[in-house]
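Shown here: run-v6.txt, compact mmCIF, C-alpha atoms.
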```
# COMPACT_ATOMS: atom_id res chain seq x y z
CA MET A 223 81.71 116.45 84.05
CA ASN A 224 84.46 114.68 86.01
CA THR A 225 83.22 111.79 88.12
CA PRO A 226 85.47 110.51 90.91
CA ASP A 227 87.12 107.13 90.36
CA PRO A 228 85.41 104.34 92.29
CA PRO A 229 87.37 103.38 95.45
CA THR A 230 89.80 100.55 94.84
CA THR A 231 90.73 97.80 97.28
CA GLN A 232 93.95 99.75 97.82
CA ASP A 233 91.94 102.87 98.72
CA ALA A 234 89.63 100.94 101.05
CA GLN A 235 92.54 99.25 102.82
CA TYR A 236 94.31 102.59 103.26
CA GLN A 237 91.20 104.18 104.74
CA GLN A 238 90.66 101.26 107.07
CA ALA A 239 94.29 101.50 108.20
CA ILE A 240 94.08 105.22 108.91
CA ASP A 241 90.78 104.91 110.76
CA ALA A 242 92.26 102.24 113.02
CA PHE A 243 95.87 103.39 113.40
CA GLY A 244 96.09 107.05 112.42
CA PRO A 245 97.10 108.32 115.88
CA ASP A 246 99.60 105.47 116.28
CA ILE A 247 101.30 106.52 113.03
CA ALA A 248 101.51 110.11 114.24
CA ARG A 249 103.22 109.00 117.46
CA PHE A 250 105.69 106.83 115.54
CA VAL A 251 106.56 109.78 113.35
CA ALA A 252 107.32 111.84 116.47
CA GLY A 253 109.85 109.15 117.32
CA TYR A 254 111.66 109.67 114.01
CA GLU A 255 111.60 113.45 113.62
CA LEU A 256 111.74 116.15 116.28
CA GLU A 257 111.37 119.24 114.12
CA ALA A 258 107.71 120.10 113.55
CA SER A 259 107.77 121.04 109.85
CA ARG A 260 109.91 118.03 108.89
CA ARG A 261 107.70 115.84 111.05
CA GLN A 262 104.67 116.93 109.03
CA GLU A 263 106.52 116.10 105.79
CA LEU A 264 107.50 112.71 107.16
CA LEU A 265 103.88 112.07 108.17
CA GLN A 266 102.82 112.79 104.60
CA ASP A 267 105.52 110.44 103.30
CA VAL A 268 104.30 107.69 105.61
CA HIS A 269 100.71 108.12 104.42
CA LEU A 270 101.75 108.07 100.78
CA SER A 271 103.99 105.04 101.27
CA LEU A 272 101.25 103.26 103.21
CA TRP A 273 98.73 103.82 100.44
CA GLN A 274 101.21 102.65 97.80
CA SER A 275 102.23 99.62 99.84
CA PHE A 276 98.71 98.23 99.78
CA THR A 277 99.26 97.15 96.18
CA GLY A 278 101.36 94.40 97.74
CA PHE A 279 99.24 93.60 100.80
CA LYS A 280 97.65 90.19 100.33
CA GLY A 281 96.82 89.45 103.97
CA GLN A 282 100.26 87.99 104.64
CA CYS A 283 100.06 89.54 108.12
CA SER A 284 97.57 91.49 110.17
CA LEU A 285 96.68 95.00 109.06
CA ARG A 286 98.23 96.43 112.24
CA THR A 287 101.53 94.61 111.60
CA TRP A 288 101.61 95.87 108.00
CA VAL A 289 100.84 99.47 108.98
CA TYR A 290 103.43 99.51 111.76
CA ARG A 291 106.07 97.98 109.49
CA VAL A 292 105.49 100.58 106.78
CA ALA A 293 105.52 103.47 109.26
CA HIS A 294 108.78 102.33 110.84
CA ASN A 295 110.50 101.46 107.57
CA VAL A 296 109.71 104.91 106.17
CA GLY A 297 110.88 106.45 109.46
CA VAL A 298 114.17 104.57 109.33
CA ASN A 299 114.72 105.64 105.71
CA HIS A 300 114.06 109.20 106.81
CA ILE A 301 116.67 109.27 109.58
CA GLN A 302 119.23 107.59 107.34
CA ARG A 303 118.69 110.21 104.63
CA SER A 304 118.83 113.04 107.11
CA MET A 305 122.12 114.92 106.97
CA ARG A 306 121.63 116.63 110.31
CA SER A 307 124.34 115.69 112.80
CA VAL A 308 121.86 115.41 115.67
CA GLU A 309 120.09 112.59 113.82
CA ARG A 310 123.41 110.84 113.18
CA ASN A 311 124.38 111.01 116.84
CA VAL A 312 122.78 107.69 117.75
CA LEU A 313 123.92 105.15 120.30
CA PRO A 314 123.54 101.41 120.78
CA LEU A 315 121.01 100.54 123.48
CA GLU A 316 123.80 99.41 125.82
CA ASP A 317 125.48 102.85 125.69
CA ALA A 318 122.33 104.93 125.86
CA GLU A 319 121.93 104.00 129.55
CA ALA A 320 124.95 106.16 130.37
CA VAL A 321 123.52 109.29 128.72
CA VAL A 322 121.96 111.86 131.02
CA ASP A 323 119.42 114.17 129.50
CA GLU A 324 120.46 117.66 130.47
CA ALA A 325 117.81 119.48 128.45
CA ALA A 326 115.33 119.84 131.33
CA ASP A 327 113.19 122.94 131.27
CA ILE A 328 111.96 123.88 134.72
CA ARG A 329 108.99 125.74 133.23
CA LEU A 330 107.51 122.51 131.79
CA THR A 331 105.04 120.40 133.74
CA ASP A 332 106.29 117.11 135.13
CA ARG A 333 104.36 115.04 132.61
CA ARG A 334 105.55 117.14 129.69
CA LEU A 335 109.09 116.94 131.01
CA ASP A 336 108.84 113.15 131.26
CA LEU A 337 107.58 112.98 127.68
CA GLU A 338 110.45 115.19 126.52
CA ARG A 339 112.90 112.90 128.30
CA ILE A 340 111.36 109.83 126.68
CA LEU A 341 111.63 111.44 123.24
CA ALA A 342 115.22 112.48 123.94
CA VAL A 343 116.10 108.88 124.74
CA VAL A 344 114.22 107.59 121.68
CA HIS A 345 116.09 109.95 119.39
CA ARG A 346 119.47 108.78 120.65
CA LEU A 347 118.85 105.14 119.71
CA GLU A 348 119.88 103.24 116.61
CA PRO A 349 116.98 102.51 114.22
CA LEU A 350 116.11 98.97 115.30
CA ASP A 351 116.35 99.72 119.04
CA ARG A 352 114.31 102.88 118.45
CA GLU A 353 111.61 100.86 116.77
CA VAL A 354 111.49 98.31 119.60
CA MET A 355 111.19 101.12 122.15
CA LEU A 356 108.39 102.82 120.20
CA LEU A 357 106.48 99.55 119.89
CA TYR A 358 107.01 98.83 123.59
CA LEU A 359 105.58 102.26 124.43
CA GLU A 360 102.56 101.40 122.28
CA ASP A 361 102.01 98.45 124.65
CA LEU A 362 102.71 95.70 122.12
CA ASP A 363 103.82 92.35 123.50
CA ALA A 364 107.10 90.66 122.58
CA ALA A 365 105.49 88.40 119.97
CA ALA A 366 103.91 91.34 118.14
CA ILE A 367 107.15 93.33 118.33
CA GLY A 368 109.01 90.34 116.92
CA GLU A 369 106.57 89.97 114.04
CA ILE A 370 106.91 93.63 113.07
CA THR A 371 110.67 93.89 113.46
CA GLY A 372 111.74 90.40 112.41
CA LEU A 373 113.70 89.96 115.66
CA SER A 374 113.53 86.69 117.55
CA PRO A 375 111.37 86.65 120.72
CA ARG A 376 114.52 86.20 122.83
CA ASN A 377 116.16 89.19 121.19
CA VAL A 378 113.03 91.27 121.74
CA ALA A 379 112.86 90.24 125.39
CA THR A 380 116.49 91.27 125.91
CA LYS A 381 115.94 94.63 124.28
CA VAL A 382 112.70 95.29 126.18
CA HIS A 383 114.46 94.49 129.44
CA ARG A 384 117.16 97.06 128.63
CA ILE A 385 114.56 99.57 127.51
CA LYS A 386 112.70 99.29 130.81
CA ALA A 387 115.94 99.85 132.71
CA LEU A 388 116.87 102.77 130.50
CA LEU A 389 113.51 104.48 130.89
CA ALA A 390 113.51 103.87 134.63
CA SER A 391 116.92 105.49 135.00
CA GLN A 392 115.86 108.46 132.87
CA LEU A 393 112.57 109.02 134.60
CA GLY A 394 113.84 108.17 138.06
CA ALA A 395 111.12 105.63 138.79
CA GLY A 396 111.19 101.91 139.48
CA SER A 397 109.74 99.65 136.83
CA LYS A 398 107.11 97.08 137.51
CA SER A 399 107.16 93.73 135.74
CA PRO A 400 103.80 92.96 134.03
CA MET B 327 105.93 106.19 137.43
CA ASN B 328 105.11 102.54 136.70
CA GLU B 329 105.09 100.83 133.33
CA GLN B 330 101.41 101.40 132.60
CA ASP B 331 101.67 105.10 133.54
CA LEU B 332 104.59 105.39 131.17
CA LYS B 333 102.65 103.84 128.29
CA GLN B 334 99.61 105.93 129.03
CA LEU B 335 101.78 109.05 129.05
CA TRP B 336 103.18 108.07 125.66
CA LYS B 337 99.76 107.42 124.15
CA SER B 338 98.28 110.61 125.62
CA GLN B 339 100.63 112.91 123.70
CA PRO B 340 98.86 115.13 121.14
CA ALA B 341 99.04 113.35 117.80
CA GLU B 342 99.19 115.40 114.62
CA THR B 343 96.97 113.14 112.61
CA ALA B 344 96.90 113.74 108.89
CA ALA B 345 93.85 113.45 106.65
CA PHE B 346 94.59 112.70 103.01
CA SER B 347 92.07 111.70 100.44
CA THR B 348 93.12 108.87 98.16
CA SER B 349 92.83 111.21 95.19
CA GLU B 350 95.40 113.49 96.88
CA LEU B 351 97.70 110.54 97.44
CA ARG B 352 97.25 109.39 93.85
CA ALA B 353 98.17 112.88 92.63
CA ARG B 354 101.31 112.93 94.84
CA ALA B 355 102.35 109.50 93.57
CA GLN B 356 101.93 110.64 89.98
CA ALA B 357 103.91 113.82 90.67
CA PHE B 358 106.72 111.69 92.07
CA GLN B 359 106.69 109.44 89.00
CA ARG B 360 106.88 112.51 86.77
CA ARG B 361 109.94 113.76 88.69
CA ILE B 362 111.61 110.37 88.22
CA ALA B 363 110.77 110.39 84.52
CA ARG B 364 112.20 113.94 84.16
CA ARG B 365 115.40 112.89 85.93
CA ASN B 366 115.78 109.88 83.64
CA LEU B 367 115.07 112.02 80.58
CA LEU B 368 117.78 114.50 81.61
CA GLU B 369 120.27 111.67 81.97
CA TYR B 370 119.37 110.27 78.53
CA ALA B 371 119.60 113.78 77.07
CA ALA B 372 123.08 114.22 78.59
CA GLY B 373 124.09 110.96 76.94
CA ALA B 374 122.69 112.12 73.61
CA VAL B 375 124.63 115.40 73.87
CA ALA B 376 127.84 113.48 74.62
CA ILE B 377 127.28 111.24 71.58
CA ALA B 378 126.62 114.28 69.39
CA GLY B 379 129.80 115.91 70.71
CA TYR B 380 131.99 112.93 69.88
CA CYS B 381 130.38 112.56 66.47
CA PHE B 382 131.47 116.14 65.86
CA HIS B 383 135.02 115.33 66.96
CA PHE B 384 135.02 112.27 64.68
CA TRP B 385 134.20 114.54 61.76
CA LEU B 386 136.66 117.24 62.90
CA HIS B 387 139.81 115.15 63.44
CA PRO B 388 141.37 113.15 60.61
CA SER B 389 143.63 111.26 63.06
CA LEU B 390 142.89 107.53 63.25
CA LEU B 391 143.70 107.52 66.97
CA VAL B 392 141.27 110.34 67.72
CA ARG B 393 138.54 108.78 65.59
CA THR B 394 139.06 105.43 67.32
CA GLY B 395 138.74 107.22 70.66
CA CYS B 396 135.49 108.88 69.51
CA VAL B 397 133.99 105.56 68.50
CA LEU B 398 135.00 103.97 71.81
CA VAL B 399 133.50 106.85 73.82
CA ILE B 400 130.24 106.68 71.84
CA LEU B 401 130.06 102.94 72.50
CA GLY B 402 130.79 103.63 76.17
CA VAL B 403 127.95 106.15 76.39
CA GLY B 404 125.65 103.58 74.80
CA VAL B 405 126.66 100.97 77.40
CA ALA B 406 126.14 103.45 80.25
CA LEU B 407 122.70 104.50 78.96
CA HIS B 408 121.67 100.88 78.57
CA GLN B 409 122.75 100.13 82.17
CA LEU B 410 120.92 103.25 83.36
CA HIS B 411 117.73 102.04 81.71
CA ARG B 412 118.19 98.50 83.02
CA ARG B 413 118.84 99.63 86.60
CA ALA B 414 116.29 102.48 86.73
CA GLY B 415 113.79 100.27 88.50
CA SER B 416 116.21 99.29 91.22
CA ARG B 417 117.03 102.83 92.40
CA THR B 418 114.14 102.90 94.86
CA PRO B 419 112.54 99.93 96.58
CA PRO B 420 109.11 98.80 95.32
CA PRO B 421 106.34 100.19 97.58
CA GLU B 422 105.17 96.76 98.72
CA ASN B 423 108.65 96.11 100.19
CA LEU B 424 107.77 98.64 102.87
CA GLY B 425 105.55 95.98 104.42
CA MET B 426 108.52 93.71 105.05
CA SER B 427 109.71 93.21 108.61
CA SER B 428 112.16 95.94 109.62
CA LEU B 429 115.15 93.63 109.63
CA ASP B 430 114.35 92.30 106.17
CA PHE B 431 113.57 95.74 104.74
CA HIS B 432 116.64 97.40 106.19
CA ARG B 433 118.85 94.53 105.06
CA ALA B 434 117.40 94.57 101.54
CA GLU B 435 118.06 98.33 101.32
CA LEU B 436 121.65 97.96 102.47
CA VAL B 437 122.24 95.10 100.02
CA ARG B 438 120.77 97.15 97.16
CA GLN B 439 123.00 100.12 98.00
CA ARG B 440 126.06 97.90 98.48
CA ASP B 441 125.57 96.18 95.14
CA ALA B 442 125.06 99.51 93.37
CA LEU B 443 128.35 100.83 94.79
CA ARG B 444 130.23 97.60 94.16
CA ASP B 445 129.09 97.38 90.54
CA ALA B 446 129.03 101.10 89.74
CA TRP B 447 132.48 101.00 88.14
CA LEU B 448 131.19 98.49 85.61
CA TRP B 449 128.60 100.80 84.19
CA TYR B 450 129.61 104.39 84.77
CA VAL B 451 133.43 104.34 84.87
CA ALA B 452 134.69 101.41 82.81
CA PRO B 453 132.69 102.16 79.64
CA PHE B 454 134.35 105.58 79.30
CA VAL B 455 137.96 104.89 80.26
CA PRO B 456 139.23 103.21 77.06
CA GLY B 457 137.63 105.75 74.74
CA MET B 458 138.65 108.83 76.76
CA THR B 459 142.21 107.57 77.09
CA VAL B 460 142.62 106.90 73.38
CA PHE B 461 140.82 110.10 72.38
CA MET B 462 142.87 112.41 74.58
CA TRP B 463 146.11 110.67 73.66
CA GLY B 464 145.27 111.09 70.02
CA VAL B 465 144.48 114.79 70.45
CA GLN B 466 147.79 115.40 72.26
CA MET B 467 149.87 112.92 70.21
CA PRO B 468 151.60 115.18 67.67
CA GLN B 469 152.96 117.48 70.35
CA ALA B 470 153.13 115.43 73.50
CA GLY B 471 154.18 111.97 72.28
CA TRP B 472 154.89 109.67 75.20
CA ARG B 473 154.16 112.49 77.66
CA GLY B 474 150.60 112.50 76.39
CA LEU B 475 150.34 108.80 77.18
CA VAL B 476 151.52 109.52 80.74
CA THR B 477 148.79 112.16 81.05
CA GLN B 478 146.17 109.70 79.90
CA LEU B 479 147.40 107.06 82.30
CA SER B 480 146.85 109.60 85.08
CA VAL B 481 143.21 109.78 83.91
CA VAL B 482 143.06 106.00 84.26
CA ALA B 483 144.55 106.34 87.75
CA VAL B 484 141.75 108.76 88.72
CA ALA B 485 139.18 106.30 87.42
CA VAL B 486 140.78 103.52 89.45
CA GLY B 487 140.63 105.82 92.49
CA VAL B 488 136.90 106.39 91.99
CA VAL B 489 136.32 102.66 91.74
CA TRP B 490 138.36 102.08 94.91
CA LEU B 491 136.33 104.66 96.83
CA ASN B 492 133.07 103.07 95.70
CA ARG B 493 134.21 99.61 96.71
CA ARG B 494 135.40 100.92 100.08
CA ALA B 495 131.95 102.42 100.68
CA ALA B 496 130.45 99.06 99.68
CA LYS B 497 132.62 97.33 102.29
CA LYS B 498 131.30 99.72 104.98
CA LEU B 499 127.77 98.77 104.00
CA GLN B 500 128.76 95.10 104.25
CA VAL B 501 129.84 95.76 107.86
CA GLU B 502 126.35 97.16 108.54
CA ILE B 503 124.76 94.14 106.86
CA ASP B 504 126.83 91.79 108.99
CA ALA B 505 125.79 93.73 112.13
CA LEU B 506 122.13 93.35 111.14
CA ASP B 507 122.61 89.63 110.59
CA ARG B 508 124.07 89.36 114.09
CA GLN B 509 121.05 91.23 115.47
CA ALA B 510 118.77 88.82 113.65
CA ALA B 511 120.63 85.86 115.13
CA GLY B 512 119.96 87.31 118.58
CA PRO B 513 121.99 87.41 121.81
CA ASP B 514 124.15 84.41 122.75
```
Just dump the structure as structure tokens.
Amino acid sequence: MNTPDPPTTQDAQYQQAIDAFGPDIARFVAGYELEASRRQELLQDVHLSLWQSFTGFKGQCSLRTWVYRVAHNVGVNHIQRSMRSVERNVLPLEDAEAVVDEAADIRLTDRRLDLERILAVVHRLEPLDREVMLLYLEDLDAAAIGEITGLSPRNVATKVHRIKALLASQLGAGSKSP
Amino acid sequence: MNEQDLKQLWKSQPAETAAFSTSELRARAQAFQRRIARRNLLEYAAGAVAIAGYCFHFWLHPSLLVRTGCVLVILGVGVALHQLHRRAGSRTPPPENLGMSSLDFHRAELVRQRDALRDAWLWYVAPFVPGMTVFMWGVQMPQAGWRGLVTQLSVVAVAVGVVWLNRRAAKKLQVEIDALDRQAAGPD
């Protein structure tokens, strides 16, 4: 009779990570892959990589920081491996402000349309700017974004400022400073 | 829409959460390792076939030049297989590296790819060039004479071209690495 292996620390850490941040990971993955079937594959890759990564997790950062780093690093690897021209058509943050999203669908609700516009902007950004935007949308502060990305607080603040302006121009609403 | 509305909109999107048991993940990891092992085995088998082929040519040709070429190619295959084995572990990043900050992870990946391109000529082009040149010159020698040497030098020129292309690709990666380092340094 086969008895299941007892859960390892790696298994327990993975389960704890998924319980706490599963939906966050799914949203990050949406920021790295638009096509549904490939998004599901990427989600599986992130989960596998996350589980494997816990062999090296010794509490050197918070669990959230570790999980977010793994998810984004796998996402970045994914878009760099992708051979599709749409994924290669990325812009620096400074140039993305000039892009107008012309893919509006009048049958969509306003909120859905806004979400589509946000995703369109996300998918035009270079990897690091994309990550900062995704973390900003998850309501992380500049210090947390800096810890995950490795960017200096000043650099994060500059990018977040540009992101707010970019999103405001795309969604046609004024931004409020926190 | 204000900032909080925006973030709430983002977080309210339907999330396709995945549920994997750790035994499923373990099975997928093992399947991946088996694919890597099969790929490596195929590469070693190709090397073994090449060695067997040149052993056959060594037996077939009495010419000293051809036999010298065969020995050099066999040595070259041995060098390439040794490098393959030595570098097998560096073809993909270790899983725990995924927990590095994005800048560090991305930079480490670019450096790994740059170094592989920059050094590739050392272990998959250079080992074969001397042996192939001598072997083919020896095979053509009785009829072609100096013309055969010119043909072999053109083979060397192709090899040099491959090396040049690899090093050019490595330089492009260096440009990306430098751009990342500027990002890390931050705005002025």
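The coordinates place CA of Pro420 in chain B at 24.2 Å from CA of Lys498 in chain B.
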Give me, as a tab-separated table (two decimals) with C-alpha atoms, in the coordinates of the input, the contact residues of chain A against chain B at a cut-off of 6 Å, counting only C-alpha atoms.
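Saved the output as iface25.tsv:
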```tsv
chain	number	residue	atom	x	y	z
A	245	PRO	CA	97.10	108.32	115.88
A	248	ALA	CA	101.51	110.11	114.24
A	270	LEU	CA	101.75	108.07	100.78
A	274	GLN	CA	101.21	102.65	97.80
A	275	SER	CA	102.23	99.62	99.84
A	278	GLY	CA	101.36	94.40	97.74
A	288	TRP	CA	101.61	95.87	108.00
A	291	ARG	CA	106.07	97.98	109.49
A	292	VAL	CA	105.49	100.58	106.78
A	359	LEU	CA	105.58	102.26	124.43
A	370	ILE	CA	106.91	93.63	113.07
A	371	THR	CA	110.67	93.89	113.46
A	372	GLY	CA	111.74	90.40	112.41
A	373	LEU	CA	113.70	89.96	115.66
A	377	ASN	CA	116.16	89.19	121.19
A	395	ALA	CA	111.12	105.63	138.79
A	397	SER	CA	109.74	99.65	136.83
A	398	LYS	CA	107.11	97.08	137.51
```
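Pairwise distance (CA of Val354 in chain A, CA of Ala496 in chain B) equals 27.5 Å.
Taking CA of Arg493 in chain B as the reference point, CA of Asn299 in chain A is found at 22.3 Å.
Closest to Arg260 in chain A among A:Ile301, A:Cys283, A:Ile247, A:Leu272 is A:Ile301, based on all atoms listed in the file.
The protein and nucleic acid residues lying at most 12 Å from His383 in chain B are Ala376, Ile377, Ala378, Gly379, Tyr380, Cys381, Trp385, Leu386, His387, Pro388, Ser389, Leu390, Leu391, Val392, Arg393, Thr394, Gly395, Cys396, Val397, Val399, Ile400, Phe461, Met462, Gly464 and Val465 of chain B, with only C-alpha atoms considered and sequence neighbours fewer than 2 positions away removed.
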Report task. Counting all atoms listed in the file, figure out which residue out of B:Asp331, B:Ala483, B:Arg364, B:Gln466 gets nearest to Asp361 in chain A. Result -> B:Asp331
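If only C-alpha atoms are the atoms counted, then among A:Glu255, A:Asp246, A:Glu360, A:Asp267 the closest residue to Leu341 in chain A is A:Glu255.
Among the candidate residues A:Ala258, A:Leu357, A:Ala242, A:Leu265, the one lying nearest to Val344 in chain A is A:Leu357, with distances computed using all atoms listed in the file.
Considering the residues A:His300, A:Tyr254, A:Pro375, A:Leu264 and counting only C-alpha atoms, Arg352 in chain A has its shortest atom-to-atom contact with A:Tyr254.
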Report task. Give the answer as one residue: which of B:Arg413, B:Leu398, B:Val451, B:Glu369 has the shortest atom-to-atom distance to Phe384 in chain B, using only C-alpha atoms? Result -> B:Leu398
Take the structure in the block and write a file for range 485-506 of chain B, N, CA, C and O atoms, as a compact mmCIF listing (two decimals), in the first residue's frame.
```
# COMPACT_ATOMS: atom_id res chain seq x y z
N ALA B 485 33.66 28.98 -39.48
CA ALA B 485 33.74 28.85 -38.03
C ALA B 485 34.00 30.21 -37.38
O ALA B 485 33.39 30.56 -36.37
N VAL B 486 34.88 30.97 -37.99
CA VAL B 486 35.18 32.32 -37.47
C VAL B 486 33.90 33.17 -37.52
O VAL B 486 33.61 33.95 -36.60
N GLY B 487 33.14 33.02 -38.60
CA GLY B 487 31.88 33.76 -38.73
C GLY B 487 30.90 33.42 -37.62
O GLY B 487 30.24 34.30 -37.06
N VAL B 488 30.81 32.13 -37.29
CA VAL B 488 29.91 31.69 -36.22
C VAL B 488 30.34 32.31 -34.89
O VAL B 488 29.52 32.81 -34.11
N VAL B 489 31.64 32.29 -34.66
CA VAL B 489 32.16 32.88 -33.41
C VAL B 489 31.84 34.36 -33.35
O VAL B 489 31.41 34.89 -32.32
N TRP B 490 32.03 35.05 -34.49
CA TRP B 490 31.75 36.50 -34.55
C TRP B 490 30.29 36.79 -34.24
O TRP B 490 29.98 37.71 -33.48
N LEU B 491 29.39 35.98 -34.80
CA LEU B 491 27.95 36.19 -34.56
C LEU B 491 27.62 36.00 -33.08
O LEU B 491 26.85 36.77 -32.50
N ASN B 492 28.22 34.97 -32.48
CA ASN B 492 27.98 34.72 -31.06
C ASN B 492 28.46 35.89 -30.21
O ASN B 492 27.78 36.32 -29.28
N ARG B 493 29.64 36.39 -30.53
CA ARG B 493 30.20 37.47 -29.73
C ARG B 493 29.41 38.76 -29.95
O ARG B 493 29.27 39.58 -29.05
N ARG B 494 28.86 38.94 -31.15
CA ARG B 494 28.02 40.12 -31.40
C ARG B 494 26.75 40.04 -30.57
O ARG B 494 26.31 41.04 -29.99
N ALA B 495 26.16 38.84 -30.50
CA ALA B 495 24.97 38.65 -29.66
C ALA B 495 25.31 38.90 -28.20
O ALA B 495 24.51 39.48 -27.45
N ALA B 496 26.51 38.49 -27.79
CA ALA B 496 26.94 38.72 -26.41
C ALA B 496 27.06 40.22 -26.13
O ALA B 496 26.71 40.69 -25.05
N LYS B 497 27.52 40.97 -27.11
CA LYS B 497 27.65 42.43 -26.93
C LYS B 497 26.28 43.06 -26.76
O LYS B 497 26.12 44.01 -25.97
N LYS B 498 25.28 42.55 -27.48
CA LYS B 498 23.91 43.09 -27.35
C LYS B 498 23.39 42.84 -25.94
O LYS B 498 22.73 43.69 -25.34
N LEU B 499 23.71 41.67 -25.41
CA LEU B 499 23.29 41.37 -24.04
C LEU B 499 24.01 42.30 -23.07
O LEU B 499 23.43 42.72 -22.06
N GLN B 500 25.26 42.63 -23.36
CA GLN B 500 26.01 43.54 -22.49
C GLN B 500 25.34 44.91 -22.46
O GLN B 500 25.29 45.56 -21.41
N VAL B 501 24.79 45.33 -23.60
CA VAL B 501 24.07 46.61 -23.66
C VAL B 501 22.86 46.56 -22.71
O VAL B 501 22.57 47.51 -21.98
N GLU B 502 22.16 45.41 -22.71
CA GLU B 502 21.00 45.25 -21.82
C GLU B 502 21.45 45.25 -20.36
O GLU B 502 20.78 45.81 -19.48
N ILE B 503 22.58 44.61 -20.09
CA ILE B 503 23.10 44.57 -18.72
C ILE B 503 23.44 45.99 -18.26
O ILE B 503 23.12 46.39 -17.14
N ASP B 504 24.08 46.74 -19.14
CA ASP B 504 24.44 48.12 -18.79
C ASP B 504 23.18 48.95 -18.53
O ASP B 504 23.16 49.79 -17.61
N ALA B 505 22.13 48.72 -19.33
CA ALA B 505 20.87 49.46 -19.13
C ALA B 505 20.26 49.12 -17.77
O ALA B 505 19.74 49.99 -17.06
N LEU B 506 20.34 47.85 -17.40
CA LEU B 506 19.83 47.43 -16.09
C LEU B 506 20.63 48.09 -14.96
O LEU B 506 20.07 48.53 -13.96
```
